[in-house]
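Peer 1: Can you read through this structure? Questions will come right after.
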Amino acid sequence: MAEHESLEFGKADFVLLDNVSLEEFMANLKLRFEKGRIYTYIGEVVVSVNPYRAMNIYGRDTIEQYKGRELYERPPHLFAIADAAYKAMKRRNKDTCIVISGESGAGKTEASKYIMQYIAAITNPSQRAEVERVKNMLLKSNCVLEAFGNAKTNRNDNSSRFGKYMDINFDFKGDPIGGHINNYLLEKSRVIFQQEGERSFHSFYQLVKGAPDAQLRSLHIQRDPTAYTYIKVGGQIKSSINDSADFKAVTDAMKVIGFTTEEIQTVYKILATILHLGNLKFGSDGDVTLIENSKLVSVLGDLLSTKDENVEKALLYRTVATGRDVIDKQHTHQEASYGRDALAKAIYERLFCWIVGRINDIIEVKNYDARVHGKNTVIGVLDIYGFEIFQNNSFEQFCINYCNEKLQQLFIQLVLKQEQEEYEREGIPWKHIDYFNNQIIVDLVEQQHKGIFAVLDEACMNVGKVTDEMFLQALNGKLAKHAHYTSRKVLKITHSEICHVYSVVGFIDKNKDTLFQDFKRLLYNSSNPVLKAMWPEGKLSITEVTKRPLTAATLFKNSMISLVENLARKEPYYVRCIKPNDVKSPLLFEHERCKHQVEYLGLLENVRVRRAGFANRQLYPRFLQRYKMISEFTWPNHDLPSDKEAVKRLLQGCGFEHDVAYGKTKVFIRTPRTIFSLEEQRAEMVKRIVLFLQKVWRGTLARKRYRRMRAAHIIIRAYRRYKVKSYIREVNRRFKNVRGMKDHGKHVKWPTPPKVLRKFEDALRNIYNRSEWWAWTLIKDLSPEQLVQIRAKVATLECLKGQRADLGLQRAWEGNYLVSKKDSPGTASSFTLVSSDLQRKDKFMRVLFSCNVRKINRFNKAEDRALLITDRHLYKMDPVKQYKPMKSIPLYNVTGVSISPGKDQLVVFHTKDNRDLIVCLQGMVPAGDSRIGELVGTLLSHFKSEKRKLQVNTISPIHCSMNGRKCTVVVETKINQSQPDFTKSRSGFILSVPGN
């Protein structure tokens with residue numbers, strides 16, 4: 001059931017017609033053609049009408065729309081049939097085939113190419129190189145076969161003049177792994193003769209028009225097709241085909257497929273040989289036949305890699321064996337001409353068969369073992385000649401139309417006859433549908449002793465001169481009373497209301513297909529190995545007695561029987577091609593022309609059968625095997641009386657009982673939609689089943705893995721416990737008495753831990769070094785003054801570690817440096833007196849820090865001062881005036897301290913009233929000493945003891961406020977600077993420090 005198309009385009013499936021009649025069928029076909037819908041379904045058969053124009057419906061986007069979709073889900077298309085065949089092959093592991101039929105020019109070859117393109121596009125998602133190579137070979141082989149097997153006819157510019165059946169082999173994953181091509185009945189008579197307006201095979205024109213000049217010179221060929229008799233017979237040299245471009249494409253394709261340079265050169269030598277043979281002219285000198293243009297003999301000898309005299313002898317003489325004697329019999333002018341033409345046709349046919357065989361050698365599946373790689377499944381694509389009815393129909397058209405009768409009979413057997421017979425066998429109610437059984441026509445042609453082929457072979461085997469008229473008389477004698485045979489100087493076969501008329505002229509010669517043995521020996525004795533391999537029978541001696549070779553008709557009949565048997569073993573899909581008109585117009589729909597094709601293709605009977613019958617039928621066990629997971633009553637196994645009852649229960653549960661019928665051994669399903677719905681439900685359940693199986697299996701694996709891991713873990717844990725205990729005992733032994741040791745165990749060497757305990761040892765050492773007893777042991781004997789200094793150093797380390805290089809932690813911190821004679825040797829006593837007075841006055845408990853500084857005053861000038869910090873105030877003093885106190889800042893008013901990350905001694909005290917104090921510590925002894933760390937640590941320790949927070953910033957430049965105005969203090973290094981000093985800048989101040 002085709003959906004997603006508006007009714008303005010007609011019915012997308014002929015099964016949906018309101019009334020099944022030829023008139024409605026034709027009206028729907030015409031409407032869809034005029035609306036640009038060239039594909040229509042009959043159930044699962046695609047009817048294709050040649051649009052005679054390029055259509056944008058075959059691109060990658062269209063491929064994605066049909067990939068993995070069911071037939072009814074998208075509008076009718078070739079890709080849908082190709083996907084259905086691929087899915088049937090992959091899902092059910094069943095060989096399938098796509099039979100493309102229709103008359104010449106109906107679009108069969110294009111359809112086969114699009115099907116190949118689709119199959120190539122949907123396979124190999126992971127881009128494996130070997131699969132890509134096989135796909136490329138299969139696609140490239142089309143190009144080569146078209147060049148050597150197709151020709152322009154009055155009906156079609158690219159008409160296949162041979163039948164082709166290609167098997168594509170797939171591995172168990174559904175990826176192509178190779179293929180095989182069978183060719184049937186090449187129309188070799190086209191090599192020497194074409195009807196008016198037609199051309200010979202494309203390959204000749206490609207060579208003449210597209211080959212490089214150097215190659216043409218080596219082949220003695222002119223770039224003028226009219227110079228060669230064989231290919232100018234039809235008078236149609238020009239066509240819509242670009243021969244020059246195609247020559248390069250075909251040559252490149254042959255290289256890609258795997259033809260060697262020598263093989264390709266031999267192919268073109270053979271084409272040139274045929275062209276030169278056509279130009280050979282024979283004359284007579286009395287009773288002696290001569291070659292008029294004898295220069296061509298040496299050209300032929302060169303191209304065939306043989307001696308000139310051997311070529312000339314084969315063309316003019318025939319070797320005959322009479323008993324033990326061998327004589328050379330001179331050809332008459334007529335016999336020489338016949339032999340030349342027969343040689344040209346035979347060489348081309350051998351070349352074509354060799355090309356097909358060479359392609360098969362390369363693309364066939366190699367080293368494939370089904371026991372190792374899984375089943376090798378096949379999709380076959382049949383692109384074979386369509387019915388051909390010309391003004392003058394000869395032996396070739398007779399064989400071609402016989403082939404189509406065979407295929408039509410297969411279609412009848414598989415789609416019509418089997419359908420009705422199966423319903424009757426299964427006891428399903430069925431309305432009988434009359435149809436024309438082609439078997440009577442097939443028997444008329446191929447029946448033993450009585451058929452047309454048998455009479456023709458018998459005439460060819462008669463001794464003496466047998467003419468085509470005698471053959472016709474023999475036919476009249478045996479078939480005069482046949483209902484479908486009449487004869488009045490021509491052979492007529494009626495197929496229902498369709499009559500095929502053939503001229504028997506040439507039947508005898510074409511069936512004998514005589515080629516003198518001299519030519520076979522000539523070519524076998526060529527020094528060219530490729531040419532020699534094409535003619536193995538040439539090694540036979542002239543006196544050797546051999547069986548009579550099979551006739552062309554018998555060979556073709558056998559190949560057709562084999563083909564039909566092969567197709568009958570596969571699940572078939574059909575593409576029925578229709579040619580809308582004879583003038584290749586994209587607009588013209590000739591009613592009578594199309595009606596004629598619809599009738600002989602049996603399309604209306606197909607619609608009736610599809611309408612009356614069921615779309616699908618399956619054996620009960622097989623149906624259950626595929627769909628039993630859908631129903632709880634059948635999964636995993638049912639307990640009902642029979643498989644038939646189980647299928648009934650399953651379908652009733654799905655709500656499909658109205659769309660099915662139950663036969664004796666099979667269930668019949670009327671519409672494809674039911675099957676598609678079952679497939680969708682199955683696909684959903686398969687996912688859940690797979691997940692369940694994966695869960696169970698993964699659980700089993702996990703439990704096994706867990707048991708192994710647990711056992712290993714128990715062993716490892718016991719071993720580690722032993723090693724840890726041993727190590728701990730050794731550590732305990734060595735460090736047992738460290739409390740009583742003078743250095744508290746610093747000299748004790750740690751035992752070497754095992755590898756597994758290295759991290760544990762690091763942790764243990766850290767615990768040992770951070771232990772409270774260790775710290776208490778170190779600090780318990782310290783004086784109160786030393787404890788204060790330790791706390792200050794710890795505070796400095798926590799705050800400034802990593803932010804300044806020198807924190808002064810390694811030296812003793814004196815704090816009150818102005819009482820030291822090192823810092824102020826002459827004025828220490830004066831400072832002591834002043835500080836004592838301030839202590840009595842302000843009641844502070846202790847001095848935290850004192851030092852000489854360089855500061856910025858309120859007039860933005862730098863001056864020397866002394867800085868005294870107590871536990872209550874920060875005092876600025878004038879060292880010149882006996883340390884006279886200048887101004888004090890309550891310590892509770894200090895909110896933070898900013899220092900730079902360098903080695904300078906810059907300190908900025910931030911206050912609540914935004915009157916920050918900017919100083920640089922100086923007067924250190926020794927001169928390179930740093931007291932910044934001590935100042936910060938002392939303040940932090942004091943603020944912490946009073947449970948107050950002091951903000952410490954390490955930053956450059958330092959932002960601060962002077963008398964309520966924002967400013968910036970920057971530290972710069974100057975080489976000639978002797979002492980640190982402040983200078984005014986536009987944004988604040990610069991502290992210049994010595995560079996060395």
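How things are named: the first chain in the structure tokens is A, the next is B, and so on; residues count from 1 in each chain; ligands count from 1 in the order shown.
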What lies within 12 Å of Phe859 of chain A using only C-alpha atoms, ignoring chain neighbours under 2 positions off, as number ranges by chain?
Peer 2: A: 855-857, 861-863, 962-963, 984
Peer 1: Can I get the selected residues back with N, CA and C atoms, as a tab-separated table (two decimals), in the first residue's frame?
Peer 2:
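The result, stored in result-v3.tsv:
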chain	number	residue	atom	x	y	z
A	855	LYS	N	59.15	58.23	55.80
A	855	LYS	CA	57.72	58.30	55.62
A	855	LYS	C	57.33	59.49	54.75
A	856	ILE	N	56.08	59.47	54.31
A	856	ILE	CA	55.49	60.59	53.56
A	856	ILE	C	54.66	61.38	54.55
A	857	ASN	N	54.95	62.71	54.63
A	857	ASN	CA	54.16	63.54	55.57
A	857	ASN	C	52.92	64.08	54.90
A	861	LYS	N	55.80	65.20	51.44
A	861	LYS	CA	57.26	65.23	51.46
A	861	LYS	C	57.77	64.02	52.20
A	862	ALA	N	58.98	63.55	51.83
A	862	ALA	CA	59.59	62.41	52.51
A	862	ALA	C	60.47	62.92	53.65
A	863	GLU	N	60.39	62.22	54.82
A	863	GLU	CA	61.21	62.62	55.96
A	863	GLU	C	61.52	61.40	56.81
A	962	MET	N	45.58	59.26	51.16
A	962	MET	CA	46.36	60.24	51.92
A	962	MET	C	45.48	61.47	52.14
A	963	ASN	N	45.16	61.68	53.44
A	963	ASN	CA	44.31	62.83	53.79
A	963	ASN	C	42.99	62.78	53.01
A	984	LYS	N	57.37	62.21	44.44
A	984	LYS	CA	55.97	62.42	44.05
A	984	LYS	C	55.79	62.02	42.59
Peer 1: Check segment 441-493 of chain A with DSSP on the backbone and list each residue it calls strand (DSSP E), as a count of residues only.
Peer 2: 6
Peer 1: Which polymer residues have any atom within 7 Å of an atom of Val144 of chain A, counting only C-alpha atoms, with same-chain residues fewer than 3 positions away left out, as a VMD selection string?
Peer 2: chain A and resid 140 to 141 147 to 148 250 253 to 254
Peer 1: Keeping only all heavy atoms, write those residues as a PDB file, in the first residue's frame.
Peer 2:
ATOM      1  N   LYS A 140      31.545  -0.131 -11.787  1.00  0.00           N
ATOM      2  CA  LYS A 140      32.391   0.159 -12.951  1.00  0.00           C
ATOM      3  C   LYS A 140      32.152  -0.845 -14.071  1.00  0.00           C
ATOM      4  O   LYS A 140      32.285  -0.506 -15.252  1.00  0.00           O
ATOM      5  CB  LYS A 140      33.869   0.134 -12.547  1.00  0.00           C
ATOM      6  CG  LYS A 140      34.304   1.288 -11.645  1.00  0.00           C
ATOM      7  CD  LYS A 140      34.305   2.603 -12.378  1.00  0.00           C
ATOM      8  CE  LYS A 140      34.835   3.727 -11.491  1.00  0.00           C
ATOM      9  NZ  LYS A 140      34.738   5.036 -12.170  1.00  0.00           N
ATOM     10  N   SER A 141      31.806  -2.093 -13.710  1.00  0.00           N
ATOM     11  CA  SER A 141      31.587  -3.102 -14.742  1.00  0.00           C
ATOM     12  C   SER A 141      30.430  -2.710 -15.653  1.00  0.00           C
ATOM     13  O   SER A 141      30.425  -3.023 -16.842  1.00  0.00           O
ATOM     14  CB  SER A 141      31.315  -4.465 -14.104  1.00  0.00           C
ATOM     15  OG  SER A 141      30.091  -4.461 -13.392  1.00  0.00           O
ATOM     16  N   ALA A 147      29.605  -0.090 -22.948  1.00  0.00           N
ATOM     17  CA  ALA A 147      30.413   0.347 -24.091  1.00  0.00           C
ATOM     18  C   ALA A 147      30.496  -0.745 -25.151  1.00  0.00           C
ATOM     19  O   ALA A 147      30.406  -0.465 -26.353  1.00  0.00           O
ATOM     20  CB  ALA A 147      31.811   0.736 -23.626  1.00  0.00           C
ATOM     21  N   PHE A 148      30.647  -2.002 -24.731  1.00  0.00           N
ATOM     22  CA  PHE A 148      30.860  -3.089 -25.688  1.00  0.00           C
ATOM     23  C   PHE A 148      29.571  -3.852 -26.036  1.00  0.00           C
ATOM     24  O   PHE A 148      29.569  -4.623 -26.983  1.00  0.00           O
ATOM     25  CB  PHE A 148      31.911  -4.060 -25.138  1.00  0.00           C
ATOM     26  CG  PHE A 148      33.285  -3.474 -25.111  1.00  0.00           C
ATOM     27  CD1 PHE A 148      33.744  -2.764 -24.000  1.00  0.00           C
ATOM     28  CD2 PHE A 148      34.132  -3.587 -26.204  1.00  0.00           C
ATOM     29  CE1 PHE A 148      35.010  -2.207 -23.975  1.00  0.00           C
ATOM     30  CE2 PHE A 148      35.394  -3.028 -26.185  1.00  0.00           C
ATOM     31  CZ  PHE A 148      35.833  -2.325 -25.080  1.00  0.00           C
ATOM     32  N   VAL A 250      35.572   4.705 -20.021  1.00  0.00           N
ATOM     33  CA  VAL A 250      35.632   3.242 -20.142  1.00  0.00           C
ATOM     34  C   VAL A 250      37.043   2.739 -19.887  1.00  0.00           C
ATOM     35  O   VAL A 250      37.253   1.739 -19.183  1.00  0.00           O
ATOM     36  CB  VAL A 250      35.132   2.802 -21.532  1.00  0.00           C
ATOM     37  CG1 VAL A 250      35.390   1.316 -21.754  1.00  0.00           C
ATOM     38  CG2 VAL A 250      33.646   3.097 -21.681  1.00  0.00           C
ATOM     39  N   ALA A 253      37.677   2.925 -16.253  1.00  0.00           N
ATOM     40  CA  ALA A 253      36.919   1.881 -15.551  1.00  0.00           C
ATOM     41  C   ALA A 253      37.607   0.524 -15.689  1.00  0.00           C
ATOM     42  O   ALA A 253      37.678  -0.250 -14.725  1.00  0.00           O
ATOM     43  CB  ALA A 253      35.495   1.811 -16.110  1.00  0.00           C
ATOM     44  N   MET A 254      38.136   0.232 -16.878  1.00  0.00           N
ATOM     45  CA  MET A 254      38.836  -1.038 -17.071  1.00  0.00           C
ATOM     46  C   MET A 254      40.077  -1.115 -16.189  1.00  0.00           C
ATOM     47  O   MET A 254      40.399  -2.182 -15.642  1.00  0.00           O
ATOM     48  CB  MET A 254      39.203  -1.206 -18.549  1.00  0.00           C
ATOM     49  CG  MET A 254      37.990  -1.408 -19.458  1.00  0.00           C
ATOM     50  SD  MET A 254      38.381  -1.368 -21.219  1.00  0.00           S
ATOM     51  CE  MET A 254      39.117  -2.975 -21.441  1.00  0.00           C
TER      52      MET A 254
END
Peer 1: Would you mind telling me which residue in A:Val378, A:Ile990, A:Ile728, A:Val356 lies nearest to Tyr184 of chain A when using only C-alpha atoms?
Peer 2: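 Nearest to Tyr184 of chain A: A:Val356.
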Peer 1: Write out as a VMD selection string each polymer residue whose atoms come within 6 Å of segment 45-52 of chain A, counting only C-alpha atoms; drop sequence neighbours fewer than 2 positions from it.
Peer 2: chain A and resid 38 to 43 106 to 107 574 to 579 584 586
Peer 1: Would you mind listing what lies within 10 Å of Arg617 of chain A as an NGL selection string, with only C-alpha atoms counted and same-chain residues fewer than 5 positions away left out?
Peer 2: :A and (422 or 623 or 660-663 or 665-670 or 675)
